[in-house]
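J.: Next up, query.txt (compact mmCIF, C-alpha atoms).
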```txt
# COMPACT_ATOMS: atom_id res chain seq x y z
CA MET A 1 2.54 20.61 -0.86
CA GLU A 2 -0.67 20.70 -2.75
CA ARG A 3 -1.25 17.41 -4.45
CA LYS A 4 -1.57 18.49 -8.04
CA ALA A 5 1.46 20.71 -7.79
CA PHE A 6 3.25 17.71 -6.35
CA LEU A 7 2.31 15.62 -9.34
CA ARG A 8 3.14 18.31 -11.84
CA ASN A 9 6.47 19.06 -10.30
CA GLY A 10 7.23 15.41 -9.90
CA LEU A 11 6.64 14.67 -13.51
CA ALA A 12 8.42 17.74 -14.69
CA ALA A 13 11.40 16.77 -12.58
CA LEU A 14 11.31 13.34 -14.10
CA GLY A 15 11.75 15.00 -17.41
CA LEU A 16 8.36 13.89 -18.60
CA GLY A 17 6.63 16.82 -20.13
CA ILE A 18 3.04 15.68 -20.01
CA ILE A 19 0.97 18.40 -18.51
CA ALA A 20 -1.73 17.89 -21.08
CA PRO A 21 -2.87 14.43 -20.01
CA LEU A 22 -2.79 15.53 -16.41
CA ALA A 23 -4.98 18.47 -17.16
CA CYS A 24 -7.21 16.13 -19.03
CA THR A 25 -7.71 13.73 -16.18
CA LYS A 26 -8.22 16.52 -13.70
CA SER A 27 -11.44 17.55 -15.32
CA SER A 28 -14.10 15.16 -14.30
CA GLY A 29 -15.36 12.46 -16.52
CA SER A 30 -13.55 13.25 -19.72
CA SER A 31 -14.78 9.98 -21.00
CA SER A 32 -13.17 10.34 -24.39
CA SER A 33 -9.87 9.27 -22.93
CA SER A 34 -11.42 6.50 -20.95
CA SER A 35 -10.45 3.13 -22.20
CA SER A 36 -12.18 0.35 -20.45
CA SER A 37 -14.72 -1.00 -18.12
CA SER A 38 -16.51 1.35 -15.84
CA THR A 39 -17.62 -0.81 -13.03
CA SER A 40 -17.82 1.32 -9.98
CA ASP A 41 -21.10 2.93 -10.84
CA SER A 42 -22.96 -0.22 -11.49
CA THR A 43 -26.20 1.54 -10.82
CA SER A 44 -25.76 3.82 -13.77
CA THR A 45 -23.85 1.66 -16.17
CA SER A 46 -25.40 -1.74 -15.91
CA THR A 47 -28.15 -1.03 -18.39
CA SER A 48 -27.08 -3.93 -20.52
CA SER A 49 -27.09 -6.27 -17.58
CA SER A 50 -29.93 -8.66 -17.15
CA SER A 51 -30.47 -7.61 -13.57
CA CYS A 52 -31.11 -4.08 -12.48
CA THR A 53 -29.99 -2.81 -9.13
CA ALA A 54 -31.87 -0.36 -6.98
CA THR A 55 -30.33 3.08 -6.98
CA GLY A 56 -28.90 4.00 -3.65
CA SER A 57 -30.49 6.65 -1.50
CA GLU A 58 -27.89 7.74 0.96
CA THR A 59 -26.94 10.78 2.91
CA ALA A 60 -24.48 13.02 1.11
CA GLY A 61 -21.75 12.73 3.67
CA PRO A 62 -19.37 11.93 5.11
CA TYR A 63 -17.10 13.26 2.43
CA PRO A 64 -13.85 11.49 1.74
CA THR A 65 -10.87 13.30 3.12
CA VAL A 66 -7.38 13.43 1.71
CA THR A 67 -5.32 10.80 3.49
CA PRO A 68 -1.58 10.45 3.17
CA SER A 69 0.04 7.16 2.36
CA SER A 70 0.16 4.87 5.36
CA TYR A 71 3.94 5.00 5.03
CA VAL A 72 3.94 8.52 6.43
CA ARG A 73 4.70 7.90 10.07
CA SER A 74 7.65 7.95 12.37
CA ASN A 75 6.88 4.86 14.42
CA ILE A 76 7.02 1.86 12.11
CA VAL A 77 7.04 -0.93 14.72
CA ASP A 78 3.42 -2.07 14.27
CA GLY A 79 3.63 -4.67 16.99
CA GLN A 80 6.82 -6.31 15.77
CA THR A 81 8.96 -7.48 18.66
CA GLY A 82 12.62 -6.75 19.01
CA VAL A 83 15.21 -4.50 20.57
CA ALA A 84 14.24 -0.83 20.31
CA LEU A 85 16.05 1.05 17.58
CA THR A 86 15.84 4.75 16.81
CA ILE A 87 16.94 5.51 13.27
CA LYS A 88 18.26 9.00 12.60
CA ILE A 89 19.14 9.76 9.01
CA THR A 90 20.55 13.07 7.87
CA VAL A 91 20.41 13.89 4.17
CA ARG A 92 23.06 16.16 2.67
CA ASN A 93 23.31 17.59 -0.82
CA LEU A 94 26.46 17.00 -2.88
CA ASN A 95 25.33 19.72 -5.27
CA ASN A 96 25.25 22.30 -2.50
CA SER A 97 28.57 21.92 -0.70
CA CYS A 98 27.16 19.02 1.29
CA ALA A 99 24.71 21.26 3.10
CA VAL A 100 21.79 19.57 4.76
CA LEU A 101 18.81 18.97 2.50
CA ALA A 102 15.44 19.94 3.93
CA GLY A 103 12.15 18.73 2.50
CA ALA A 104 13.50 15.48 1.07
CA LEU A 105 11.35 12.37 1.38
CA VAL A 106 13.02 9.37 2.96
CA ASP A 107 11.53 5.89 2.72
CA ILE A 108 13.03 3.14 4.82
CA TRP A 109 12.19 -0.51 5.14
CA HIS A 110 13.79 -3.44 6.88
CA CYS A 111 13.07 -6.98 7.99
CA THR A 112 11.78 -8.32 11.29
CA ALA A 113 13.87 -9.85 14.05
CA LEU A 114 13.53 -13.15 12.22
CA GLY A 115 14.31 -11.79 8.76
CA TYR A 116 10.92 -11.25 7.15
CA TYR A 117 9.61 -8.24 5.27
CA SER A 118 6.04 -7.03 5.39
CA GLU A 119 4.47 -8.14 2.17
CA TYR A 120 1.49 -10.18 1.17
CA SER A 121 1.00 -12.63 -1.60
CA ASP A 122 -0.05 -11.13 -4.88
CA THR A 123 -0.96 -14.38 -6.52
CA PRO A 124 -4.58 -14.90 -7.56
CA GLY A 125 -6.44 -16.29 -4.63
CA GLY A 126 -3.64 -15.15 -2.41
CA SER A 127 -4.08 -13.73 1.00
CA TYR A 128 -5.86 -10.47 1.63
CA ALA A 129 -4.72 -7.60 3.78
CA THR A 130 -7.02 -6.61 6.58
CA VAL A 131 -8.28 -3.12 7.10
CA ASP A 132 -5.91 -2.91 10.02
CA TYR A 133 -3.91 -1.28 7.32
CA THR A 134 -0.69 -0.09 8.87
CA ALA A 135 0.04 -3.54 10.19
CA SER A 136 0.32 -4.82 6.65
CA HIS A 137 3.19 -2.40 6.02
CA PHE A 138 5.10 -2.97 9.24
CA LEU A 139 8.70 -1.82 9.41
CA ARG A 140 8.20 0.52 6.46
CA GLY A 141 7.94 4.28 6.78
CA ARG A 142 8.32 7.66 5.13
CA GLN A 143 9.37 10.94 6.65
CA THR A 144 10.29 14.37 5.30
CA THR A 145 13.64 15.85 6.33
CA ASP A 146 13.42 18.84 8.64
CA SER A 147 15.47 22.04 8.46
CA ASN A 148 18.46 20.07 9.74
CA GLY A 149 18.08 17.48 6.98
CA LEU A 150 17.03 14.95 9.61
CA VAL A 151 14.41 12.24 9.72
CA THR A 152 13.81 10.03 12.75
CA PHE A 153 12.10 6.66 12.85
CA THR A 154 11.17 4.51 15.83
CA SER A 155 11.64 0.85 14.98
CA ILE A 156 13.24 -2.38 16.10
CA PHE A 157 16.70 -3.72 15.46
CA PRO A 158 16.41 -5.74 12.24
CA GLY A 159 17.36 -9.38 12.08
CA TRP A 160 19.08 -10.92 9.11
CA TYR A 161 18.38 -13.33 6.32
CA SER A 162 20.67 -15.37 4.14
CA PRO A 163 22.80 -14.42 2.23
CA ARG A 164 22.79 -10.80 3.36
CA ALA A 165 24.43 -8.81 6.10
CA PRO A 166 21.95 -6.94 8.34
CA HIS A 167 20.73 -3.80 6.64
CA ILE A 168 18.07 -1.12 6.27
CA HIS A 169 16.89 -0.07 2.83
CA ALA A 170 16.55 3.65 2.18
CA HIS A 171 15.11 5.51 -0.78
CA VAL A 172 15.59 9.27 -0.86
CA TYR A 173 13.39 11.42 -3.08
CA ASN A 174 13.26 15.14 -3.61
CA SER A 175 10.15 16.91 -2.43
CA SER A 176 8.47 16.17 -5.75
CA GLY A 177 8.90 12.44 -5.37
CA THR A 178 11.71 12.07 -7.88
CA SER A 179 14.21 9.44 -6.85
CA LEU A 180 17.57 10.82 -5.78
CA LEU A 181 19.19 7.72 -4.33
CA ILE A 182 18.36 4.14 -3.47
CA THR A 183 20.80 2.81 -0.92
CA GLN A 184 21.23 0.54 2.08
CA ILE A 185 22.55 1.09 5.57
CA ALA A 186 24.91 -1.42 7.20
CA PHE A 187 25.31 -2.20 10.91
CA PRO A 188 28.45 -2.50 13.04
CA THR A 189 29.15 -6.20 13.48
CA ASP A 190 29.97 -6.08 17.20
CA ILE A 191 26.54 -4.71 18.05
CA CYS A 192 24.83 -7.19 15.75
CA ASN A 193 26.67 -9.99 17.54
CA THR A 194 25.43 -8.76 20.90
CA VAL A 195 21.82 -8.47 19.82
CA TYR A 196 21.77 -11.69 17.84
CA THR A 197 23.25 -13.83 20.61
CA THR A 198 21.64 -12.44 23.75
CA VAL A 199 18.06 -11.43 22.93
CA SER A 200 15.09 -13.57 21.93
CA PRO A 201 13.87 -14.00 19.25
CA TYR A 202 17.11 -12.95 17.51
CA SER A 203 19.05 -15.56 19.44
CA ASP A 204 16.92 -18.32 17.93
CA ARG A 205 18.86 -17.73 14.75
CA GLY A 206 22.20 -16.58 16.14
CA VAL A 207 24.74 -14.42 14.39
CA GLN A 208 24.45 -13.32 10.79
CA ASP A 209 25.82 -15.69 8.16
CA THR A 210 27.25 -12.94 5.98
CA ALA A 211 29.82 -10.40 7.15
CA ASN A 212 29.64 -6.82 5.95
CA THR A 213 32.90 -7.32 4.11
CA ALA A 214 31.52 -10.38 2.30
CA ASP A 215 28.13 -8.89 1.53
CA MET A 216 27.14 -8.50 -2.11
CA VAL A 217 25.94 -4.96 -1.48
CA PHE A 218 28.31 -3.60 1.15
CA SER A 219 31.61 -5.23 0.28
CA ASP A 220 32.63 -2.48 -2.12
CA SER A 221 30.94 0.44 -0.40
CA LEU A 222 31.09 -0.14 3.32
CA ALA A 223 32.93 3.10 3.96
CA THR A 224 29.91 5.17 2.99
CA GLU A 225 27.13 2.83 4.05
CA LEU A 226 28.18 1.70 7.52
CA SER A 227 26.14 3.41 10.21
CA THR A 228 27.05 4.42 13.74
CA VAL A 229 25.06 2.61 16.40
CA THR A 230 25.13 3.44 20.10
CA GLY A 231 23.18 2.20 23.10
CA SER A 232 22.45 -1.13 24.71
CA VAL A 233 20.01 -3.98 24.59
CA SER A 234 18.17 -2.73 27.67
CA ALA A 235 18.12 0.95 26.76
CA GLY A 236 17.68 0.42 23.05
CA TYR A 237 19.99 1.52 20.29
CA VAL A 238 20.27 4.69 18.23
CA LEU A 239 21.47 4.44 14.66
CA THR A 240 22.81 7.53 12.94
CA GLN A 241 23.72 7.75 9.31
CA THR A 242 24.32 10.55 6.83
CA ILE A 243 23.24 9.99 3.28
CA TYR A 244 24.72 12.16 0.55
CA VAL A 245 22.60 12.76 -2.53
CA SER A 246 22.79 14.99 -5.57
CA ALA A 247 19.72 17.17 -5.44
CA MET B 1 -33.12 -24.21 4.27
CA LYS B 2 -29.62 -22.81 4.55
CA LYS B 3 -27.56 -23.24 1.41
CA GLY B 4 -24.34 -22.43 3.18
CA ILE B 5 -22.02 -19.73 4.42
CA ILE B 6 -20.66 -17.56 1.65
CA ARG B 7 -18.21 -14.73 1.29
CA LEU B 8 -18.63 -12.33 -1.60
CA LEU B 9 -15.88 -10.72 -3.63
CA TYR B 10 -16.38 -7.32 -5.21
CA ARG B 11 -13.68 -6.12 -7.57
CA LYS B 12 -13.94 -2.37 -7.83
CA ILE B 13 -12.04 -0.95 -10.76
CA ILE B 14 -10.88 2.64 -10.58
CA ASP B 15 -9.53 4.46 -13.59
CA THR B 16 -9.68 7.77 -15.37
CA SER B 17 -13.41 7.37 -15.93
CA SER B 18 -14.16 7.10 -12.21
CA SER B 19 -16.11 10.12 -11.08
CA LYS B 20 -16.80 9.98 -7.36
CA ILE B 21 -14.59 11.99 -5.01
CA TRP B 22 -13.37 8.92 -3.17
CA GLU B 23 -12.50 7.19 -6.42
CA LYS B 24 -10.63 10.21 -7.72
CA LEU B 25 -8.60 10.41 -4.52
CA VAL B 26 -7.70 6.74 -4.81
CA PHE B 27 -6.84 7.25 -8.47
CA ASP B 28 -4.62 10.28 -7.87
CA HIS B 29 -2.83 9.02 -4.79
CA SER B 30 -2.22 5.53 -6.11
CA TYR B 31 -0.75 7.06 -9.26
CA THR B 32 1.53 9.34 -7.27
CA GLU B 33 2.72 6.39 -5.18
CA PHE B 34 3.19 4.32 -8.33
CA LEU B 35 5.43 7.04 -9.78
CA MET B 36 7.51 7.01 -6.61
CA GLN B 37 7.76 3.26 -6.07
CA ALA B 38 8.22 2.38 -9.75
CA GLN B 39 11.55 4.18 -9.61
CA LEU B 40 12.84 1.29 -7.50
CA TYR B 41 12.48 -0.98 -10.51
CA ASN B 42 13.25 1.52 -13.24
CA ARG B 43 16.50 3.14 -12.23
CA GLU B 44 17.65 3.61 -15.81
CA LYS B 45 14.21 4.85 -16.86
CA LYS B 46 14.11 2.21 -19.56
CA TYR B 47 10.47 1.38 -19.08
CA SER B 48 7.27 3.35 -19.17
CA THR B 49 4.40 1.00 -18.44
CA PHE B 50 3.55 -1.23 -15.52
CA GLY B 51 3.34 -4.13 -17.94
CA GLU B 52 6.91 -3.56 -19.09
CA LEU B 53 8.14 -3.44 -15.51
CA ILE B 54 6.34 -6.67 -14.63
CA THR B 55 7.68 -8.39 -17.72
CA HIS B 56 11.29 -7.26 -17.54
CA VAL B 57 12.20 -6.42 -13.96
CA PRO B 58 12.44 -9.14 -11.29
CA GLY B 59 10.47 -8.24 -8.19
CA ALA B 60 8.36 -5.56 -9.87
CA GLU B 61 5.20 -7.45 -8.92
CA LYS B 62 5.82 -6.09 -5.42
CA LEU B 63 4.48 -2.79 -6.75
CA HIS B 64 0.96 -4.06 -6.02
CA PHE B 65 1.86 -4.23 -2.37
CA LEU B 66 4.09 -1.18 -2.25
CA VAL B 67 1.51 1.09 -3.88
CA SER B 68 -1.31 -0.29 -1.73
CA ALA B 69 -0.09 1.81 1.21
CA SER B 70 -1.38 4.88 -0.61
CA VAL B 71 -4.98 3.63 -0.62
CA THR B 72 -5.35 1.85 2.70
CA GLY B 73 -6.34 5.07 4.41
CA TYR B 74 -9.13 5.49 1.89
CA VAL B 75 -10.29 1.92 2.39
CA GLN B 76 -10.56 2.69 6.08
CA GLN B 77 -12.85 5.62 5.32
CA LEU B 78 -15.43 3.15 3.99
CA ASN B 79 -16.16 2.17 7.60
CA GLY B 80 -16.18 -1.51 6.81
CA LYS B 81 -18.94 -1.44 4.19
CA VAL B 82 -18.26 -2.57 0.63
CA PRO B 83 -18.90 0.41 -1.68
CA ASP B 84 -21.38 0.35 -4.58
CA ILE B 85 -23.07 -2.88 -3.47
CA LEU B 86 -26.58 -2.04 -2.33
CA ASN B 87 -29.33 -4.13 -0.86
CA ASN B 88 -32.81 -4.14 -2.28
CA THR B 89 -33.72 -1.06 -0.29
CA GLY B 90 -30.82 0.85 -1.77
CA LYS B 91 -28.43 0.82 1.14
CA HIS B 92 -24.88 -0.31 1.61
CA PHE B 93 -25.03 -3.41 3.74
CA LEU B 94 -22.11 -5.67 2.92
CA PRO B 95 -19.49 -5.78 5.67
CA PHE B 96 -15.84 -6.42 4.89
CA SER B 97 -12.59 -6.42 6.74
CA ASN B 98 -10.29 -7.81 4.08
CA PHE B 99 -9.23 -6.35 0.78
CA ARG B 100 -6.50 -6.67 -1.81
CA PHE B 101 -5.22 -3.87 -3.98
CA GLU B 102 -3.97 -4.48 -7.48
CA ILE B 103 -2.51 -2.38 -10.24
CA ILE B 104 -4.10 -3.31 -13.56
CA ASN B 105 -2.30 -0.87 -15.83
CA SER B 106 -0.21 2.21 -15.41
CA ASP B 107 2.33 4.31 -17.23
CA ILE B 108 4.81 6.74 -15.75
CA ARG B 109 4.27 9.02 -18.75
CA LYS B 110 0.51 8.71 -19.18
CA LYS B 111 -1.65 9.11 -16.13
CA GLU B 112 -4.75 8.29 -18.13
CA GLN B 113 -3.44 4.75 -18.50
CA HIS B 114 -3.54 4.27 -14.74
CA GLN B 115 -6.09 1.67 -13.70
CA VAL B 116 -6.28 -0.09 -10.37
CA ALA B 117 -8.67 -2.40 -8.58
CA ILE B 118 -9.59 -2.96 -4.98
CA ASN B 119 -10.88 -6.45 -4.26
CA PHE B 120 -13.20 -6.46 -1.27
CA VAL B 121 -13.90 -9.78 0.42
CA SER B 122 -17.03 -9.69 2.53
CA GLU B 123 -17.47 -11.09 5.96
CA PRO B 124 -19.30 -14.43 6.05
CA LEU B 125 -22.98 -14.37 5.11
CA THR B 126 -25.54 -17.09 5.63
CA TRP B 127 -27.20 -17.79 2.28
CA TYR B 128 -30.78 -18.93 2.82
CA ASP B 129 -32.43 -18.78 -0.54
CA THR B 130 -32.52 -17.27 -4.01
CA ILE B 131 -35.70 -15.36 -4.86
CA GLY B 132 -35.88 -14.44 -8.51
CA ASP B 133 -32.49 -12.99 -9.27
CA ARG B 134 -31.89 -11.98 -5.68
CA LEU B 135 -30.05 -13.68 -2.91
CA LEU B 136 -31.55 -13.80 0.55
CA VAL B 137 -28.77 -13.69 3.10
CA ALA B 138 -28.15 -12.81 6.70
CA VAL B 139 -25.10 -10.94 7.82
CA ASN B 140 -23.72 -13.34 10.39
CA GLY B 141 -24.26 -12.03 13.86
CA ASN B 142 -27.27 -9.90 12.93
CA LYS B 143 -29.92 -11.56 15.03
CA ASP B 144 -33.02 -9.99 16.37
CA ILE B 145 -33.18 -10.83 20.04
CA ARG B 146 -36.97 -10.78 20.03
CA ASP B 147 -38.50 -14.04 18.95
CA GLU B 148 -36.20 -16.13 16.86
CA GLU B 149 -36.08 -13.94 13.82
CA VAL B 150 -32.95 -13.57 11.81
CA LEU B 151 -32.55 -10.20 10.12
CA THR B 152 -31.94 -10.67 6.41
CA GLU B 153 -30.75 -8.77 3.40
CA MET B 154 -31.73 -9.14 -0.24
CA PHE B 155 -29.50 -8.08 -3.09
CA SER B 156 -28.76 -8.85 -6.73
CA LEU B 157 -25.60 -10.30 -8.08
CA GLN B 158 -24.14 -7.76 -10.48
CA PRO B 159 -21.07 -7.28 -12.62
CA PHE B 160 -17.80 -7.66 -10.72
CA LEU B 161 -19.59 -9.13 -7.71
CA SER B 162 -19.02 -12.83 -7.21
CA ILE B 163 -19.22 -15.52 -4.59
CA HIS B 164 -15.70 -15.89 -3.28
CA SER B 165 -16.11 -18.89 -1.01
CA LEU B 166 -18.77 -21.33 0.09
CA LYS B 167 -19.00 -23.44 3.20
CA GLU B 168 -21.71 -26.06 3.06
CA PRO B 169 -24.14 -26.25 5.96
CA ALA B 170 -23.29 -28.72 8.65
```
Please lay out the structure from this file as structure tokens.
T.:
Amino acid sequence: MERKAFLRNGLAALGLGIIAPLACTKSSGSSSSSSSSSTSDSTSTSTSSSSCTATGSETAGPYPTVTPSSYVRSNIVDGQTGVALTIKITVRNLNNSCAVLAGALVDIWHCTALGYYSEYSDTPGGSYATVDYTASHFLRGRQTTDSNGLVTFTSIFPGWYSPRAPHIHAHVYNSSGTSLLITQIAFPTDICNTVYTTVSPYSDRGVQDTANTADMVFSDSLATELSTVTGSVSAGYVLTQTIYVSA
Amino acid sequence: MKKGIIRLLYRKIIDTSSSKIWEKLVFDHSYTEFLMQAQLYNREKKYSTFGELITHVPGAEKLHFLVSASVTGYVQQLNGKVPDILNNTGKHFLPFSNFRFEIINSDIRKKEQHQVAINFVSEPLTWYDTIGDRLLVAVNGNKDIRDEEVLTEMFSLQPFLSIHSLKEPA
């Protein structure tokens, strides 16, 4: 979808009727609405500075190109080691007789084999991401459901961290980016036990410390959040789950 | 005569007043991603601004990281050269491979309040001297194989450009 339409629709769907400011910011340099420091064009704005900087003389190109979020990819492994896991999520619409929902955006994220999420420190002086950009968002991805309501991700079997049962986070949006459902996907315990006891590096930590039935998230909702997982350690596993949303 | 090895930090602020194509793309796409990710921390739609989310919702500071995925592709398009910072001959010269994205302000109802920054940390430079208000540096690794010359760059310190780290000469 064209970007501005995306934004407009997204905001309209959020119930935020603010086309005017959008239109305002679309036109270039409407400086009346600008609030604060303009720093990027130091060559043209640093007139009050004590030091002047030579104006750049550069070729006109290459022109920036529209680039989707680095979440938009099917393979989210990014060098993380673990047992192969294919994640197949089908989205269905409660407001349409549970028919499949095409065009929905599905974000997923989960932890590594040892229980860590991709994230960097945001504290001042904290660490900096490298331009090897996708690696800084490992095990996170976004796909759009196809005509069968399906998205597929290639990943690794997540580990676990205390005090949670193993899980995958999922956030389903409509095509405009409006949140429809934030949920989590649980794993069958027998398969977790196999992976966590027989494969390194999972086996360094052993079996999960929290059962699905004791988990703060799943204990009251396991019936709708427990996935089906088939396969083997050597061949990899396939997780299938249907998520029902009201769209 | 070496003063040390330095790394520079350039904090590039992008907001509604930014005018270049690249800046506008970063502005638009980071705002779109903010609208999407902020919903994680605003399920009841109680809050409007980034500041309110940070103040009231545990974990909302992760939005810096979560929204950064929308701009990393644009950072890659810079081909490893810090934008805006020019040497004395008017060319981009400052190499970087590390950056940090931050949300300064935003508002799910007012796009014009959206303001972000990308902090570029340069690769190490050898700082030889300061001539007037200019620093004389060499991009480490840029050596002329003829003679024993070291290729150098001259540039001025300017607003939002700072020395991030210093390693004294051995």
J.: Hey, what's within 10 Å of Tyr31 (chain B) if we count all atoms listed in the file and toss same-chain stuff fewer than 3 positions away? As an MDAnalysis selection string, please?
T.: (chainID A and resid 7) or (chainID B and resid 25:28 34:37 67 70 103 106:108 111:116)
J.: What separation in Å, quoted to one decimal, exists between CA of Leu78 (chain B) and CA of Leu66 (chain B)?
T.: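 These atoms are spaced 20.9 Å apart.
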J.: Give as a ChimeraX atom specification the set of residues within 10 Å of the point (-34.0, -24.4, 5.6), where distances use the file's coordinates and all atoms listed in the file.
T.: /B:1-3,128-129
J.: Which residue, B:Thr130, B:Thr89, B:Ser48, B:Ser165, has the smallest gap to chain A when you use only C-alpha atoms?
T.: B:Thr89
J.: When the cut-off is 8 Å and we count only C-alpha atoms, which residues of chain B are near chain A, given as a VMD selection string?
T.: chain B and resid 12 to 19 21 to 22 25 29 32 35 to 36 39 to 40 61 to 62 64 to 65 69 to 77 84 86 to 92 97 to 100 109 to 112 133 156 to 160
J.: Report the distance between CA of Ser97 (chain A) and CA of Gln143 (chain A) in Å, rounded to one decimal place.
T.: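 CA of Ser97 (chain A) sits 23.3 Å away from CA of Gln143 (chain A).
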J.: Kindly give the distance, in Å, that separates CA of Leu94 (chain B) and CA of Gly80 (chain B), rounded to a single decimal.
T.: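 Answer for the CA of Leu94 (chain B) to CA of Gly80 (chain B) separation: 8.2 Å.
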J.: So, counting only C-alpha atoms, which residue among A:Val233, A:Asn75, A:Val238, A:Met216 is closest to Thr198 (chain A)?
T.: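 Of all the options, A:Val233 lies closest to Thr198 (chain A).
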J.: What would region 57-74 of chain B look like with N, CA and C atoms in place, written as a PDB file, in the frame of the given file?
T.:
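The result, stored in part_3.pdb:
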```
ATOM      1  N   VAL B  57      11.432  -6.708 -15.165  1.00  0.00           N
ATOM      2  CA  VAL B  57      12.200  -6.420 -13.960  1.00  0.00           C
ATOM      3  C   VAL B  57      11.808  -7.394 -12.840  1.00  0.00           C
ATOM      4  N   PRO B  58      12.756  -8.207 -12.385  1.00  0.00           N
ATOM      5  CA  PRO B  58      12.440  -9.140 -11.290  1.00  0.00           C
ATOM      6  C   PRO B  58      11.978  -8.371 -10.043  1.00  0.00           C
ATOM      7  N   GLY B  59      10.944  -8.852  -9.427  1.00  0.00           N
ATOM      8  CA  GLY B  59      10.470  -8.240  -8.190  1.00  0.00           C
ATOM      9  C   GLY B  59       9.466  -7.127  -8.388  1.00  0.00           C
ATOM     10  N   ALA B  60       9.250  -6.706  -9.643  1.00  0.00           N
ATOM     11  CA  ALA B  60       8.360  -5.560  -9.870  1.00  0.00           C
ATOM     12  C   ALA B  60       6.925  -5.851  -9.471  1.00  0.00           C
ATOM     13  N   GLU B  61       6.569  -7.135  -9.345  1.00  0.00           N
ATOM     14  CA  GLU B  61       5.200  -7.450  -8.920  1.00  0.00           C
ATOM     15  C   GLU B  61       4.948  -6.965  -7.489  1.00  0.00           C
ATOM     16  N   LYS B  62       6.007  -6.649  -6.761  1.00  0.00           N
ATOM     17  CA  LYS B  62       5.820  -6.090  -5.420  1.00  0.00           C
ATOM     18  C   LYS B  62       5.155  -4.716  -5.465  1.00  0.00           C
ATOM     19  N   LEU B  63       5.109  -4.117  -6.640  1.00  0.00           N
ATOM     20  CA  LEU B  63       4.480  -2.790  -6.750  1.00  0.00           C
ATOM     21  C   LEU B  63       3.017  -2.836  -6.310  1.00  0.00           C
ATOM     22  N   HIS B  64       2.336  -3.961  -6.517  1.00  0.00           N
ATOM     23  CA  HIS B  64       0.960  -4.060  -6.020  1.00  0.00           C
ATOM     24  C   HIS B  64       0.933  -3.749  -4.526  1.00  0.00           C
ATOM     25  N   PHE B  65       1.810  -4.410  -3.818  1.00  0.00           N
ATOM     26  CA  PHE B  65       1.860  -4.230  -2.370  1.00  0.00           C
ATOM     27  C   PHE B  65       2.390  -2.855  -1.985  1.00  0.00           C
ATOM     28  N   LEU B  66       3.458  -2.444  -2.640  1.00  0.00           N
ATOM     29  CA  LEU B  66       4.090  -1.180  -2.250  1.00  0.00           C
ATOM     30  C   LEU B  66       3.152   0.000  -2.490  1.00  0.00           C
ATOM     31  N   VAL B  67       2.412  -0.026  -3.574  1.00  0.00           N
ATOM     32  CA  VAL B  67       1.510   1.090  -3.880  1.00  0.00           C
ATOM     33  C   VAL B  67       0.250   1.032  -3.013  1.00  0.00           C
ATOM     34  N   SER B  68      -0.077  -0.154  -2.512  1.00  0.00           N
ATOM     35  CA  SER B  68      -1.310  -0.290  -1.730  1.00  0.00           C
ATOM     36  C   SER B  68      -1.312   0.607  -0.493  1.00  0.00           C
ATOM     37  N   ALA B  69      -0.129   0.961   0.017  1.00  0.00           N
ATOM     38  CA  ALA B  69      -0.090   1.810   1.210  1.00  0.00           C
ATOM     39  C   ALA B  69      -0.721   3.176   0.952  1.00  0.00           C
ATOM     40  N   SER B  70      -0.797   3.570  -0.312  1.00  0.00           N
ATOM     41  CA  SER B  70      -1.380   4.880  -0.610  1.00  0.00           C
ATOM     42  C   SER B  70      -2.902   4.848  -0.570  1.00  0.00           C
ATOM     43  N   VAL B  71      -3.511   3.690  -0.578  1.00  0.00           N
ATOM     44  CA  VAL B  71      -4.980   3.630  -0.620  1.00  0.00           C
ATOM     45  C   VAL B  71      -5.589   3.057   0.655  1.00  0.00           C
ATOM     46  N   THR B  72      -4.769   2.492   1.523  1.00  0.00           N
ATOM     47  CA  THR B  72      -5.350   1.850   2.700  1.00  0.00           C
ATOM     48  C   THR B  72      -6.100   2.842   3.575  1.00  0.00           C
ATOM     49  N   GLY B  73      -5.617   4.066   3.638  1.00  0.00           N
ATOM     50  CA  GLY B  73      -6.340   5.070   4.410  1.00  0.00           C
ATOM     51  C   GLY B  73      -7.724   5.351   3.839  1.00  0.00           C
ATOM     52  N   TYR B  74      -7.822   5.279   2.533  1.00  0.00           N
ATOM     53  CA  TYR B  74      -9.130   5.490   1.890  1.00  0.00           C
ATOM     54  C   TYR B  74     -10.046   4.293   2.111  1.00  0.00           C
TER      55      TYR B  74
END
```
